[in-house]
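Reproduced below: query_21.cif, with mmCIF, C-alpha atoms and all ligand atoms.
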```cif
data_model
loop_
_atom_site.label_atom_id
_atom_site.label_comp_id
_atom_site.auth_asym_id
_atom_site.auth_seq_id
_atom_site.Cartn_x
_atom_site.Cartn_y
_atom_site.Cartn_z
CA MET Q 1 14.83 -9.11 -8.50
CA THR Q 2 15.08 -5.50 -7.41
CA LEU Q 3 13.34 -3.42 -4.78
CA ASN Q 4 10.17 -1.72 -6.03
CA ALA Q 5 7.18 0.29 -4.78
CA SER Q 6 5.71 -2.76 -2.99
CA HIS Q 7 8.73 -2.77 -0.62
CA SER Q 8 8.48 0.86 0.51
CA ALA Q 9 8.49 1.14 4.30
CA GLN Q 10 6.22 4.17 3.94
CA LEU Q 11 3.45 2.18 2.22
CA LYS Q 12 0.22 2.00 4.27
CA SER Q 13 -3.01 0.07 3.78
CA TRP Q 14 -6.63 1.09 4.21
CA VAL Q 15 -6.92 -2.10 6.28
CA GLU Q 16 -5.91 -0.26 9.43
CA ALA Q 17 -4.72 -3.32 11.40
CA ALA Q 18 -2.01 -3.82 8.77
CA ASN Q 19 -0.34 -0.53 9.76
CA ASP Q 20 0.47 -1.61 13.33
CA PRO Q 21 4.29 -1.93 13.45
CA LEU Q 22 3.94 -5.33 15.16
CA CYS Q 23 1.32 -6.74 12.75
CA PRO Q 24 2.75 -9.84 11.03
CA PHE Q 25 0.87 -9.11 7.81
CA PRO Q 26 1.52 -5.49 6.72
CA ILE Q 27 1.12 -4.42 3.10
CA GLN Q 28 4.83 -5.14 2.51
CA ASN Q 29 4.23 -8.86 3.22
CA LEU Q 30 1.16 -10.12 1.27
CA PRO Q 31 1.64 -13.85 2.03
CA MET Q 32 -0.59 -16.41 0.33
CA ALA Q 33 -2.47 -19.36 1.82
CA ILE Q 34 -5.31 -21.73 0.96
CA PHE Q 35 -8.37 -21.01 3.08
CA SER Q 36 -12.07 -21.70 3.49
CA THR Q 37 -14.82 -20.25 5.65
CA SER Q 38 -17.97 -21.64 7.23
CA ALA Q 39 -19.95 -19.58 4.70
CA ASN Q 40 -17.91 -20.94 1.76
CA LEU Q 41 -16.32 -24.34 2.37
CA ARG Q 42 -14.50 -24.42 -0.96
CA LYS Q 43 -10.73 -24.23 -0.61
CA ARG Q 44 -9.27 -21.24 -2.47
CA ALA Q 45 -6.32 -18.87 -2.38
CA GLY Q 46 -6.12 -15.79 -0.20
CA VAL Q 47 -3.69 -13.06 0.81
CA ALA Q 48 -3.29 -11.93 4.43
CA ILE Q 49 -3.55 -8.20 5.09
CA GLY Q 50 -3.70 -7.00 8.69
CA ASP Q 51 -6.38 -9.04 10.44
CA GLN Q 52 -8.13 -9.98 7.17
CA VAL Q 53 -7.85 -12.43 4.26
CA LEU Q 54 -8.35 -11.11 0.72
CA ASP Q 55 -10.18 -13.65 -1.47
CA LEU Q 56 -8.02 -14.12 -4.58
CA GLU Q 57 -10.50 -16.39 -6.35
CA VAL Q 58 -13.09 -13.62 -6.54
CA LEU Q 59 -10.47 -11.00 -7.35
CA GLU Q 60 -9.14 -13.14 -10.22
CA ARG Q 61 -12.64 -13.75 -11.56
CA SER Q 62 -13.21 -10.01 -11.64
CA GLY Q 63 -10.34 -9.73 -14.13
CA LEU Q 64 -8.18 -7.51 -11.94
CA LEU Q 65 -5.27 -9.93 -11.58
CA PRO Q 66 -2.69 -10.52 -14.31
CA THR Q 67 -2.84 -14.32 -13.93
CA GLY Q 68 -5.95 -14.55 -16.09
CA LEU Q 69 -4.05 -13.01 -18.98
CA VAL Q 70 -1.43 -15.74 -19.08
CA PRO Q 71 -2.03 -18.39 -21.73
CA ASN Q 72 -1.86 -21.95 -20.39
CA GLY Q 73 0.92 -23.45 -22.50
CA LEU Q 74 -0.34 -23.87 -26.06
CA SER Q 75 -3.92 -23.02 -25.15
CA PRO Q 76 -4.99 -19.45 -25.91
CA THR Q 77 -7.59 -19.70 -23.15
CA PRO Q 78 -6.66 -17.92 -19.92
CA THR Q 79 -6.73 -20.30 -16.97
CA ALA Q 80 -7.72 -19.32 -13.46
CA VAL Q 81 -5.19 -20.35 -10.82
CA PHE Q 82 -6.59 -19.06 -7.53
CA ASN Q 83 -9.75 -21.21 -7.49
CA ARG Q 84 -7.67 -24.29 -6.61
CA SER Q 85 -7.01 -26.18 -3.38
CA SER Q 86 -3.27 -25.47 -3.68
CA LEU Q 87 -1.01 -22.65 -4.86
CA ASN Q 88 0.85 -24.95 -7.29
CA ALA Q 89 -0.82 -23.64 -10.47
CA PHE Q 90 0.13 -20.08 -9.57
CA MET Q 91 3.63 -21.09 -8.48
CA ALA Q 92 4.24 -22.68 -11.90
CA LEU Q 93 3.65 -19.36 -13.70
CA GLY Q 94 7.06 -17.96 -12.76
CA PRO Q 95 8.64 -14.83 -11.29
CA ALA Q 96 7.25 -12.26 -13.77
CA VAL Q 97 3.64 -13.23 -12.99
CA TRP Q 98 4.31 -13.60 -9.24
CA SER Q 99 5.67 -10.07 -9.21
CA ALA Q 100 2.87 -8.61 -11.37
CA VAL Q 101 0.23 -10.12 -9.03
CA ARG Q 102 2.02 -8.77 -5.95
CA SER Q 103 2.24 -5.32 -7.54
CA THR Q 104 -1.49 -5.31 -8.37
CA ILE Q 105 -2.56 -6.46 -4.90
CA SER Q 106 -0.19 -3.98 -3.23
CA GLY Q 107 -1.64 -1.13 -5.27
CA GLU Q 108 -5.24 -2.07 -4.50
CA LEU Q 109 -4.63 -2.46 -0.76
CA SER Q 110 -2.64 0.74 -0.38
CA LYS Q 111 -4.36 3.91 0.70
CA ALA Q 112 -3.32 6.08 -2.19
CA THR Q 113 -4.76 4.19 -5.12
CA SER Q 114 -7.58 1.90 -4.10
CA ASP Q 115 -11.33 1.89 -4.42
CA TRP Q 116 -11.48 0.30 -0.99
CA ARG Q 117 -15.28 0.02 -0.94
CA LEU Q 118 -15.17 -2.60 -3.70
CA PHE Q 119 -12.27 -4.46 -2.14
CA SER Q 120 -13.60 -4.48 1.39
CA GLN Q 121 -16.29 -6.89 0.18
CA LEU Q 122 -13.57 -9.42 -0.65
CA LEU Q 123 -12.18 -9.46 2.88
CA THR Q 124 -12.83 -12.11 5.53
CA PRO Q 125 -11.61 -11.76 9.13
CA LEU Q 126 -8.60 -14.01 9.67
CA ALA Q 127 -10.34 -15.30 12.78
CA ASP Q 128 -13.10 -16.77 10.58
CA ALA Q 129 -10.76 -18.41 8.05
CA GLN Q 130 -9.77 -22.07 8.20
CA LEU Q 131 -6.23 -22.47 6.79
CA HIS Q 132 -5.25 -25.58 4.83
CA MET Q 133 -2.10 -27.03 3.26
CA PRO Q 134 -0.97 -24.19 0.99
CA VAL Q 135 0.85 -26.38 -1.49
CA ARG Q 136 0.58 -29.89 -2.89
CA VAL Q 137 4.06 -31.01 -1.85
CA THR Q 138 5.50 -33.01 -4.74
CA GLY Q 139 8.79 -33.89 -3.09
CA TYR Q 140 10.43 -33.15 0.24
CA THR Q 141 14.18 -32.90 0.66
CA ASP Q 142 15.68 -31.92 3.97
CA PHE Q 143 19.14 -30.39 4.10
CA TYR Q 144 21.64 -30.19 6.96
CA ALA Q 145 23.06 -26.76 6.26
CA SER Q 146 23.70 -25.16 9.66
CA ARG Q 147 27.34 -25.66 10.62
CA GLU Q 148 26.54 -25.21 14.30
CA HIS Q 149 23.78 -27.86 14.20
CA ALA Q 150 25.89 -30.34 12.19
CA THR Q 151 28.78 -29.88 14.60
CA ASN Q 152 26.58 -30.34 17.68
CA VAL Q 153 24.79 -33.44 16.36
CA GLY Q 154 28.01 -34.92 15.00
CA THR Q 155 29.63 -34.47 18.41
CA LEU Q 156 26.69 -36.15 20.16
CA PHE Q 157 26.42 -39.09 17.72
CA ARG Q 158 30.08 -39.67 16.78
CA GLY Q 159 32.29 -37.64 19.14
CA ALA Q 160 34.00 -34.27 18.73
CA GLU Q 161 36.76 -35.60 16.44
CA ASN Q 162 34.28 -36.85 13.83
CA ALA Q 163 31.68 -34.10 14.29
CA LEU Q 164 31.80 -32.55 10.81
CA MET Q 165 32.19 -35.20 8.10
CA ALA Q 166 34.82 -34.66 5.37
CA ASN Q 167 32.17 -33.81 2.71
CA TRP Q 168 30.23 -31.23 4.77
CA LEU Q 169 32.18 -28.08 3.82
CA HIS Q 170 32.11 -29.05 0.11
CA MET Q 171 28.41 -29.66 -0.52
CA PRO Q 172 24.96 -29.17 1.04
CA ILE Q 173 24.18 -32.56 2.66
CA ALA Q 174 20.57 -33.79 2.48
CA TYR Q 175 18.22 -36.76 2.63
CA ASN Q 176 14.97 -37.37 0.76
CA GLY Q 177 12.04 -37.12 3.18
CA ARG Q 178 8.37 -38.02 2.79
CA ALA Q 179 6.08 -35.57 1.00
CA SER Q 180 3.06 -37.64 2.07
CA THR Q 181 3.40 -36.74 5.75
CA VAL Q 182 4.05 -33.01 5.38
CA VAL Q 183 1.10 -31.42 7.20
CA VAL Q 184 -0.12 -27.92 7.92
CA SER Q 185 0.18 -26.22 11.30
CA GLY Q 186 -2.50 -27.35 13.74
CA THR Q 187 -2.43 -31.02 12.67
CA ALA Q 188 -1.79 -33.15 15.78
CA ILE Q 189 1.29 -35.39 15.68
CA LYS Q 190 1.21 -39.00 16.93
CA ARG Q 191 4.32 -40.13 18.74
CA PRO Q 192 5.95 -42.77 16.51
CA ARG Q 193 6.87 -46.31 17.45
CA GLY Q 194 9.95 -47.95 16.03
CA GLN Q 195 13.09 -50.01 16.56
CA ILE Q 196 15.03 -48.70 19.53
CA ILE Q 197 18.25 -50.05 20.97
CA SER Q 198 19.51 -49.38 24.45
CA ALA Q 199 23.12 -49.33 25.57
CA ASP Q 200 22.78 -52.36 27.84
CA LYS Q 201 21.10 -54.74 25.36
CA PRO Q 202 22.47 -56.25 22.14
CA THR Q 203 19.18 -56.29 20.24
CA PRO Q 204 16.47 -53.66 19.64
CA VAL Q 205 12.86 -53.55 20.81
CA PHE Q 206 9.86 -52.13 18.91
CA THR Q 207 8.30 -49.48 21.11
CA ALA Q 208 7.18 -45.85 21.38
CA SER Q 209 9.92 -43.26 20.94
CA ARG Q 210 11.13 -41.76 24.21
CA LYS Q 211 13.19 -39.09 22.48
CA LEU Q 212 10.68 -37.20 20.36
CA ASP Q 213 12.23 -33.91 19.22
CA MET Q 214 11.58 -30.83 17.09
CA GLU Q 215 13.82 -29.30 14.42
CA LEU Q 216 13.43 -25.57 13.83
CA GLU Q 217 13.86 -24.98 10.09
CA MET Q 218 12.89 -22.75 7.20
CA ALA Q 219 11.86 -24.29 3.88
CA ALA Q 220 12.02 -23.01 0.32
CA LEU Q 221 9.20 -23.90 -2.08
CA VAL Q 222 10.17 -24.54 -5.69
CA GLY Q 223 7.97 -22.55 -8.09
CA THR Q 224 9.27 -23.21 -11.58
CA ALA Q 225 10.60 -26.61 -12.63
CA ASN Q 226 13.80 -27.70 -14.37
CA PRO Q 227 13.79 -30.61 -16.83
CA MET Q 228 15.50 -33.89 -15.94
CA GLY Q 229 19.12 -33.77 -17.11
CA ASP Q 230 19.32 -29.96 -17.06
CA PRO Q 231 21.15 -28.66 -13.97
CA VAL Q 232 20.67 -25.02 -13.00
CA SER Q 233 23.14 -22.44 -11.66
CA VAL Q 234 22.84 -20.89 -8.22
CA ALA Q 235 21.47 -17.69 -9.81
CA GLN Q 236 18.88 -19.68 -11.80
CA ALA Q 237 17.97 -21.67 -8.69
CA GLN Q 238 17.30 -18.44 -6.82
CA GLU Q 239 14.79 -17.43 -9.53
CA MET Q 240 13.02 -20.81 -9.28
CA ILE Q 241 12.17 -20.30 -5.58
CA PHE Q 242 8.61 -19.06 -5.07
CA GLY Q 243 8.69 -18.47 -1.34
CA PHE Q 244 9.38 -19.69 2.16
CA VAL Q 245 7.53 -21.29 5.09
CA LEU Q 246 8.47 -22.34 8.63
CA LEU Q 247 9.15 -26.07 8.93
CA ASN Q 248 9.38 -28.43 11.90
CA ASP Q 249 11.17 -31.65 10.95
CA TRP Q 250 9.92 -33.78 13.86
CA SER Q 251 12.58 -36.32 14.80
CA ALA Q 252 12.57 -39.44 16.97
CA ARG Q 253 16.19 -39.46 18.11
CA ASP Q 254 16.20 -42.99 19.54
CA ILE Q 255 14.85 -44.42 16.26
CA GLN Q 256 17.17 -42.18 14.20
CA VAL Q 257 20.40 -43.10 15.98
CA TRP Q 258 19.87 -46.83 15.36
CA GLU Q 259 18.67 -46.63 11.74
CA TYR Q 260 20.63 -43.74 10.19
CA GLN Q 261 23.83 -45.46 9.12
CA PRO Q 262 24.68 -45.94 6.28
CA LEU Q 263 21.83 -44.31 4.29
CA GLY Q 264 20.64 -41.46 6.53
CA PRO Q 265 17.39 -40.73 8.37
CA PHE Q 266 14.28 -42.78 7.54
CA LEU Q 267 11.40 -43.66 9.89
CA GLY Q 268 12.76 -41.51 12.70
CA LYS Q 269 11.61 -38.54 10.60
CA ALA Q 270 9.09 -39.92 8.09
CA PHE Q 271 6.13 -39.87 10.52
CA ALA Q 272 5.48 -36.10 10.29
CA THR Q 273 6.77 -32.72 9.09
CA THR Q 274 4.83 -29.54 9.96
CA ILE Q 275 4.81 -26.37 7.84
CA SER Q 276 3.21 -22.96 8.42
CA PRO Q 277 0.12 -22.15 6.29
CA TRP Q 278 1.27 -18.74 4.93
CA VAL Q 279 3.76 -18.78 2.08
CA ILE Q 280 5.96 -15.67 2.26
CA SER Q 281 7.03 -14.78 -1.26
CA ARG Q 282 10.71 -14.48 -2.10
CA GLU Q 283 9.93 -10.99 -3.35
CA ALA Q 284 8.60 -9.91 0.07
CA LEU Q 285 11.94 -10.99 1.59
CA GLU Q 286 14.05 -9.10 -0.95
CA PRO Q 287 14.88 -6.24 1.50
CA PHE Q 288 16.21 -8.83 4.00
CA ARG Q 289 18.82 -10.52 1.81
CA VAL Q 290 22.22 -10.74 3.50
CA ASP Q 291 25.55 -12.46 2.96
CA GLY Q 292 25.86 -15.82 4.69
CA PRO Q 293 28.92 -17.00 6.60
CA GLN Q 294 32.24 -16.93 4.77
CA GLN Q 295 32.59 -20.26 2.92
CA ASP Q 296 36.05 -21.75 3.42
CA PRO Q 297 37.16 -23.74 1.49
CA GLN Q 298 35.68 -21.96 -1.51
CA PRO Q 299 32.90 -24.13 -2.97
CA LEU Q 300 33.33 -25.78 -6.36
CA SER Q 301 32.36 -23.44 -9.20
CA TYR Q 302 28.82 -24.80 -9.67
CA LEU Q 303 28.06 -23.87 -6.03
CA ARG Q 304 29.57 -20.37 -6.01
CA GLN Q 305 27.19 -17.45 -5.55
CA SER Q 306 27.88 -13.89 -6.61
CA ALA Q 307 25.02 -12.22 -4.70
CA PRO Q 308 23.75 -12.49 -1.12
CA HIS Q 309 21.26 -15.37 -0.94
CA ASN Q 310 20.76 -15.65 2.82
CA TYR Q 311 17.84 -13.96 4.60
CA ALA Q 312 17.76 -12.26 8.01
CA ILE Q 313 14.77 -13.90 9.66
CA GLN Q 314 14.35 -14.00 13.44
CA LEU Q 315 13.10 -17.41 14.58
CA GLN Q 316 11.89 -18.86 17.83
CA ALA Q 317 10.37 -22.01 19.26
CA GLN Q 318 7.88 -22.11 22.11
CA LEU Q 319 7.12 -25.17 24.20
CA ASN Q 320 3.75 -24.93 25.97
CA GLY Q 321 3.87 -21.16 25.51
CA GLN Q 322 7.40 -20.64 26.80
CA THR Q 323 10.22 -19.58 24.48
CA ILE Q 324 12.94 -22.24 24.55
CA THR Q 325 15.16 -21.03 21.71
CA GLU Q 326 15.82 -17.98 19.53
CA THR Q 327 17.94 -18.07 16.39
CA ASN Q 328 18.27 -16.52 12.93
CA PHE Q 329 18.14 -17.91 9.38
CA LYS Q 330 20.91 -15.54 8.26
CA ASP Q 331 23.65 -17.76 9.68
CA ILE Q 332 22.84 -20.86 7.60
CA TYR Q 333 26.05 -22.01 5.85
CA TRP Q 334 24.55 -23.17 2.53
CA SER Q 335 21.87 -20.86 1.09
CA SER Q 336 18.58 -22.22 -0.26
CA ALA Q 337 19.73 -21.28 -3.77
CA GLN Q 338 22.93 -23.30 -3.33
CA GLN Q 339 20.88 -26.21 -1.97
CA LEU Q 340 18.58 -26.14 -4.99
CA ALA Q 341 21.44 -25.79 -7.49
CA HIS Q 342 23.21 -28.74 -5.85
CA HIS Q 343 19.99 -30.76 -5.96
CA THR Q 344 19.82 -30.35 -9.75
CA SER Q 345 23.59 -30.69 -10.34
CA GLY Q 346 23.49 -34.38 -11.22
CA GLY Q 347 20.41 -34.03 -13.42
CA CYS Q 348 17.56 -34.32 -10.89
CA ALA Q 349 14.33 -32.72 -12.12
CA MET Q 350 12.77 -30.39 -9.58
CA GLN Q 351 9.02 -29.83 -9.70
CA THR Q 352 6.56 -27.10 -8.78
CA GLY Q 353 5.69 -27.81 -5.14
CA ASP Q 354 9.01 -29.34 -4.10
CA LEU Q 355 9.84 -28.48 -0.51
CA LEU Q 356 13.47 -27.92 0.54
CA GLY Q 357 14.02 -27.89 4.31
CA SER Q 358 17.03 -25.79 5.29
CA GLY Q 359 18.17 -28.13 8.02
CA THR Q 360 17.91 -27.32 11.71
CA ILE Q 361 18.97 -23.73 12.31
CA SER Q 362 21.22 -23.47 15.36
CA GLY Q 363 23.17 -20.40 16.42
CA SER Q 364 26.50 -20.33 18.18
CA GLN Q 365 25.15 -18.96 21.48
CA PRO Q 366 23.55 -20.93 24.32
CA GLY Q 367 19.77 -20.81 23.93
CA SER Q 368 19.99 -20.47 20.14
CA MET Q 369 19.90 -24.16 19.21
CA GLY Q 370 17.14 -25.47 16.97
CA SER Q 371 16.48 -28.85 18.59
CA LEU Q 372 15.96 -30.31 22.06
CA LEU Q 373 18.75 -32.77 21.28
CA GLU Q 374 21.15 -29.82 21.38
CA LEU Q 375 19.33 -27.68 23.98
CA THR Q 376 19.34 -30.52 26.54
CA TRP Q 377 22.52 -32.17 25.19
CA ASN Q 378 20.70 -35.44 24.49
CA GLY Q 379 18.81 -35.24 27.76
CA GLU Q 380 21.88 -34.70 29.99
CA LYS Q 381 20.91 -31.09 30.79
CA PRO Q 382 17.11 -30.99 31.06
CA LEU Q 383 15.16 -27.76 30.57
CA THR Q 384 13.13 -26.55 33.52
CA LEU Q 385 10.04 -24.67 32.30
CA GLU Q 386 8.58 -21.71 34.18
CA ASN Q 387 5.83 -23.89 35.66
CA GLY Q 388 8.42 -26.30 37.06
CA ASP Q 389 7.98 -28.97 34.37
CA ILE Q 390 11.20 -30.67 33.30
CA ARG Q 391 11.81 -31.64 29.68
CA ARG Q 392 14.53 -33.66 28.02
CA PHE Q 393 12.37 -34.35 24.96
CA LEU Q 394 8.70 -33.81 24.07
CA GLU Q 395 5.95 -35.42 26.14
CA ASP Q 396 2.40 -36.34 25.15
CA GLY Q 397 0.15 -33.27 25.28
CA ASP Q 398 3.03 -30.84 24.67
CA ARG Q 399 2.40 -28.04 22.17
CA LEU Q 400 5.40 -26.93 20.13
CA SER Q 401 5.20 -23.74 18.07
CA LEU Q 402 7.65 -22.16 15.64
CA THR Q 403 7.34 -18.49 14.71
CA GLY Q 404 9.46 -16.04 12.77
CA TYR Q 405 9.65 -12.61 11.20
CA ALA Q 406 11.93 -10.31 9.23
CA GLN Q 407 12.21 -6.88 10.87
CA GLY Q 408 11.85 -3.87 8.55
CA GLU Q 409 11.84 -0.18 9.38
CA GLY Q 410 8.53 0.27 11.16
CA TYR Q 411 7.03 -2.99 9.90
CA ARG Q 412 7.73 -6.70 10.10
CA ILE Q 413 7.25 -9.56 7.66
CA GLY Q 414 5.62 -12.24 9.84
CA PHE Q 415 5.56 -15.94 9.00
CA GLY Q 416 2.63 -16.89 11.22
CA GLU Q 417 3.08 -20.17 13.07
CA ALA Q 418 3.98 -23.83 12.55
CA ALA Q 419 2.55 -25.55 15.61
CA ALA Q 420 1.28 -28.92 16.75
CA THR Q 421 0.30 -30.89 19.83
CA ILE Q 422 1.83 -34.31 20.54
CA LEU Q 423 -0.55 -37.26 20.85
CA PRO Q 424 0.30 -40.61 22.49
CA ALA Q 425 1.75 -43.37 20.32
CA PRO Q 426 -0.71 -45.84 18.77
CA SER Q 427 -1.39 -48.73 21.14
CA GLU Q 428 0.47 -52.01 20.55
CA THR Q 429 -2.72 -53.90 19.84
CA GLY Q 430 -3.79 -51.51 17.14
CA CA Q 501 16.01 -31.77 9.60
#
```
Same coordinates, now as structure tokens:
Amino acid sequence: MTLNASHSAQLKSWVEAANDPLCPFPIQNLPMAIFSTSANLRKRAGVAIGDQVLDLEVLERSGLLPTGLVPNGLSPTPTAVFNRSSLNAFMALGPAVWSAVRSTISGELSKATSDWRLFSQLLTPLADAQLHMPVRVTGYTDFYASREHATNVGTLFRGAENALMANWLHMPIAYNGRASTVVVSGTAIKRPRGQIISADKPTPVFTASRKLDMELEMAALVGTANPMGDPVSVAQAQEMIFGFVLLNDWSARDIQVWEYQPLGPFLGKAFATTISPWVISREALEPFRVDGPQQDPQPLSYLRQSAPHNYAIQLQAQLNGQTITETNFKDIYWSSAQQLAHHTSGGCAMQTGDLLGSGTISGSQPGSMGSLLELTWNGEKPLTLENGDIRRFLEDGDRLSLTGYAQGEGYRIGFGEAAATILPAPSETG
């Protein structure tokens, strides 16, 4: 993928709010979501521009988008893709169509070329739009690709000498999570109950988690599939990625630490995963590609990458409105393309709608860690919030929000928000 007219920092929109340098949704972004309104309850696809949502269902029906020209497999009949309750049908069409649609929308929303009077009828204020799950998540795999995070957690769980396991520098480590409990921002999260062991007792009890945590992550969404038995290269994997969202891999540390050996996390993470509603296309992030950390030892040949596949994306987490950590996606050790290539390397088929969590993104500086486990050092060093509240882990009623953006010259590619409020655990009697 190369830079094109849609990436120009000079490009302006006739939707004036989009031209504010701090607006998360300038014309260079054009993220997609599934939305509805009180006037039209049907879920359909939209693009954010400034403070508005552009209705892609109506735009597609008008014949202005190149999706309608794509034959559906063997059928000569064009198939609409934006009148669906997920982006999956569009994501399956592949990079050439994704790019053609972006180019068309960019042209129509830019000042120079558009008949804005026609298009302004297709806009709905963002404030009036209800946002839904953007994608039908077919599979969810969560990686563990930040060296700083893996070192911190390894030190806490196993001691400094065994912090980074022998395999970590040779492959992207992951576990298979639950697609069924991936939810969109705004969905409340119930504190889980589970088996918990305490240091002074030989046997566990079944009770509400007392160490409910967040994990600040990015996630790649797989657009095009690979067949079972056909691994892909890192370069091919990069082309399969449709876009990115923010992801919070909620984690119950007291459940996790008892259950995770020998097969990895299970119920300590399976109760909920939150993603942001706007999918930022890989193409929108093209100007923000950077080299990741030097990989030493050199990865095996199937994991080597010849182009920069990391992205410079500023990230932060807020607890009850107060920023508790700031970090950056650019420092992740294994890129999303390497993660995806590794995922297919043994023959695993990846599907349209598969979600690949990056792993918790922690920086090397204090205040740049992506989990409370690290920020409070497993509760030993509590955070004191500005209002005097003390937190080791999350409490009922807490609101945790992840945000992020890539900073361009005079504009920023915003990711919106992945947020949720914590509800009490279900009662023991039901
Ligand atoms: Ca995780």
Between region 198-269 of chain Q and region 333-350 of chain Q, at 10 Å or less, what are the per-residue closest atom pairs and their distances in Å? Count all atoms listed in the file, order by chain and rising residue number, and return it as JSON lines.
```
{"residue": "Q:Met218", "atom": "CA", "partner": "Q:Ser336", "partner_atom": "CA", "distance": 9.4}
{"residue": "Q:Ala219", "atom": "CA", "partner": "Q:Ser336", "partner_atom": "CA", "distance": 8.2}
{"residue": "Q:Ala220", "atom": "CA", "partner": "Q:Ser336", "partner_atom": "CA", "distance": 6.6}
{"residue": "Q:Leu221", "atom": "CA", "partner": "Q:Ser336", "partner_atom": "CA", "distance": 9.7}
{"residue": "Q:Val222", "atom": "CA", "partner": "Q:Met350", "partner_atom": "CA", "distance": 7.5}
{"residue": "Q:Gly223", "atom": "CA", "partner": "Q:Met350", "partner_atom": "CA", "distance": 9.3}
{"residue": "Q:Thr224", "atom": "CA", "partner": "Q:Met350", "partner_atom": "CA", "distance": 8.2}
{"residue": "Q:Ala225", "atom": "CA", "partner": "Q:Met350", "partner_atom": "CA", "distance": 5.3}
{"residue": "Q:Asn226", "atom": "CA", "partner": "Q:Ala349", "partner_atom": "CA", "distance": 5.5}
{"residue": "Q:Pro227", "atom": "CA", "partner": "Q:Ala349", "partner_atom": "CA", "distance": 5.2}
{"residue": "Q:Met228", "atom": "CA", "partner": "Q:Ala349", "partner_atom": "CA", "distance": 4.2}
{"residue": "Q:Gly229", "atom": "CA", "partner": "Q:Gly347", "partner_atom": "CA", "distance": 3.9}
{"residue": "Q:Asp230", "atom": "CA", "partner": "Q:Gly347", "partner_atom": "CA", "distance": 5.6}
{"residue": "Q:Pro231", "atom": "CA", "partner": "Q:Thr344", "partner_atom": "CA", "distance": 4.7}
{"residue": "Q:Val232", "atom": "CA", "partner": "Q:Ala341", "partner_atom": "CA", "distance": 5.6}
{"residue": "Q:Ser233", "atom": "CA", "partner": "Q:Ala341", "partner_atom": "CA", "distance": 5.6}
{"residue": "Q:Val234", "atom": "CA", "partner": "Q:Ala341", "partner_atom": "CA", "distance": 5.1}
{"residue": "Q:Ala235", "atom": "CA", "partner": "Q:Ala337", "partner_atom": "CA", "distance": 7.2}
{"residue": "Q:Gln236", "atom": "CA", "partner": "Q:Ala341", "partner_atom": "CA", "distance": 7.9}
{"residue": "Q:Ala237", "atom": "CA", "partner": "Q:Ala337", "partner_atom": "CA", "distance": 5.2}
{"residue": "Q:Gln238", "atom": "CA", "partner": "Q:Ala337", "partner_atom": "CA", "distance": 4.8}
{"residue": "Q:Glu239", "atom": "CA", "partner": "Q:Ala337", "partner_atom": "CA", "distance": 8.5}
{"residue": "Q:Met240", "atom": "CA", "partner": "Q:Ala337", "partner_atom": "CA", "distance": 8.7}
{"residue": "Q:Ile241", "atom": "CA", "partner": "Q:Ala337", "partner_atom": "CA", "distance": 7.8}
{"residue": "Q:Phe244", "atom": "CA", "partner": "Q:Ser336", "partner_atom": "CA", "distance": 9.8}
```
**Asked** Counting all atoms listed in the file, what is within 6 Å of Leu216 (chain Q), bar same-chain residues fewer than 6 positions away, as number ranges by chain?
**Response** Q: 248, 360, 370
**Message:** Just want the 9 Å neighbourhood of Val58 (chain Q), counted on all atoms listed in the file, with same-chain residues fewer than 6 positions away dropped. Output as a ChimeraX atom specification.
**Reply:** /Q:82-83,122
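The nearest approach to ligand CA 501 (chain Q) among the residues Q:Ser185, Q:Ser13, Q:Asn387, Q:Gln256, with all atoms listed in the file taken into account, belongs to Q:Gln256.
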Hey, which residues sit close to ligand CA 501 (chain Q)? Say within 8 Å, counting all atoms listed in the file, and write them as a CSV table (one decimal) with C-alpha atoms, keeping the file's coordinate frame.
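What landed in out_33.csv:
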```
chain,number,residue,atom,x,y,z
Q,142,ASP,CA,15.7,-31.9,4.0
Q,143,PHE,CA,19.1,-30.4,4.1
Q,144,TYR,CA,21.6,-30.2,7.0
Q,215,GLU,CA,13.8,-29.3,14.4
Q,216,LEU,CA,13.4,-25.6,13.8
Q,217,GLU,CA,13.9,-25.0,10.1
Q,248,ASN,CA,9.4,-28.4,11.9
Q,249,ASP,CA,11.2,-31.6,11.0
Q,250,TRP,CA,9.9,-33.8,13.9
Q,251,SER,CA,12.6,-36.3,14.8
Q,357,GLY,CA,14.0,-27.9,4.3
Q,358,SER,CA,17.0,-25.8,5.3
Q,359,GLY,CA,18.2,-28.1,8.0
Q,360,THR,CA,17.9,-27.3,11.7
```
**Request:** For each of Q:Gly46, Q:Pro424, Q:Gly408, Q:Pro277, take the minimum atom-to-atom distance to Leu212 (chain Q), counting all atoms listed in the file, then give the residue where this is smallest.
**Result:**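 Once distances to Leu212 (chain Q) are computed over all atoms listed in the file, the minimum belongs to Q:Pro424.
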**Nearest residue to Phe266 (chain Q) from the set Q:Gly154, Q:Gly321, Q:Gly194, Q:Pro299 (distances using only C-alpha atoms)** = Q:Gly194
**Of the listed residues Q:Lys269, Q:Lys111, Q:His132, Q:Arg117, that which approaches Arg44 (chain Q) most closely, counting all atoms listed in the file** =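 Once distances to Arg44 (chain Q) are computed over all atoms listed in the file, the minimum belongs to Q:His132.
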With 8 Å added on each side, what axis-aligned box encloses every listed atom of region 223-234 of chain Q? Give the centre and edge lengths in Å to one decimal, as JSON.
```
{"center_x": 15.6, "center_y": -27.4, "center_z": -12.6, "size_x": 31.2, "size_y": 29.0, "size_z": 25.0}
```
**Prompt:** Taking (-0.3, -17.3, 6.0) in the file's coordinates as the center, which residues reach within 10 Å of it, counting only C-alpha atoms, put as a list in words?
**Reply:**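 Answer for this query, in the requested form: Pro24, Phe25, Asn29, Leu30, Pro31, Met32, Ala33, Ile34, Phe35, Gly46, Val47, Ala48, Ile49, Val53, Leu126, Leu131, His132, Pro134, Val245, Ser276, Pro277, Trp278, Val279, Ile280, Gly414, Phe415, Gly416 and Glu417 of chain Q.
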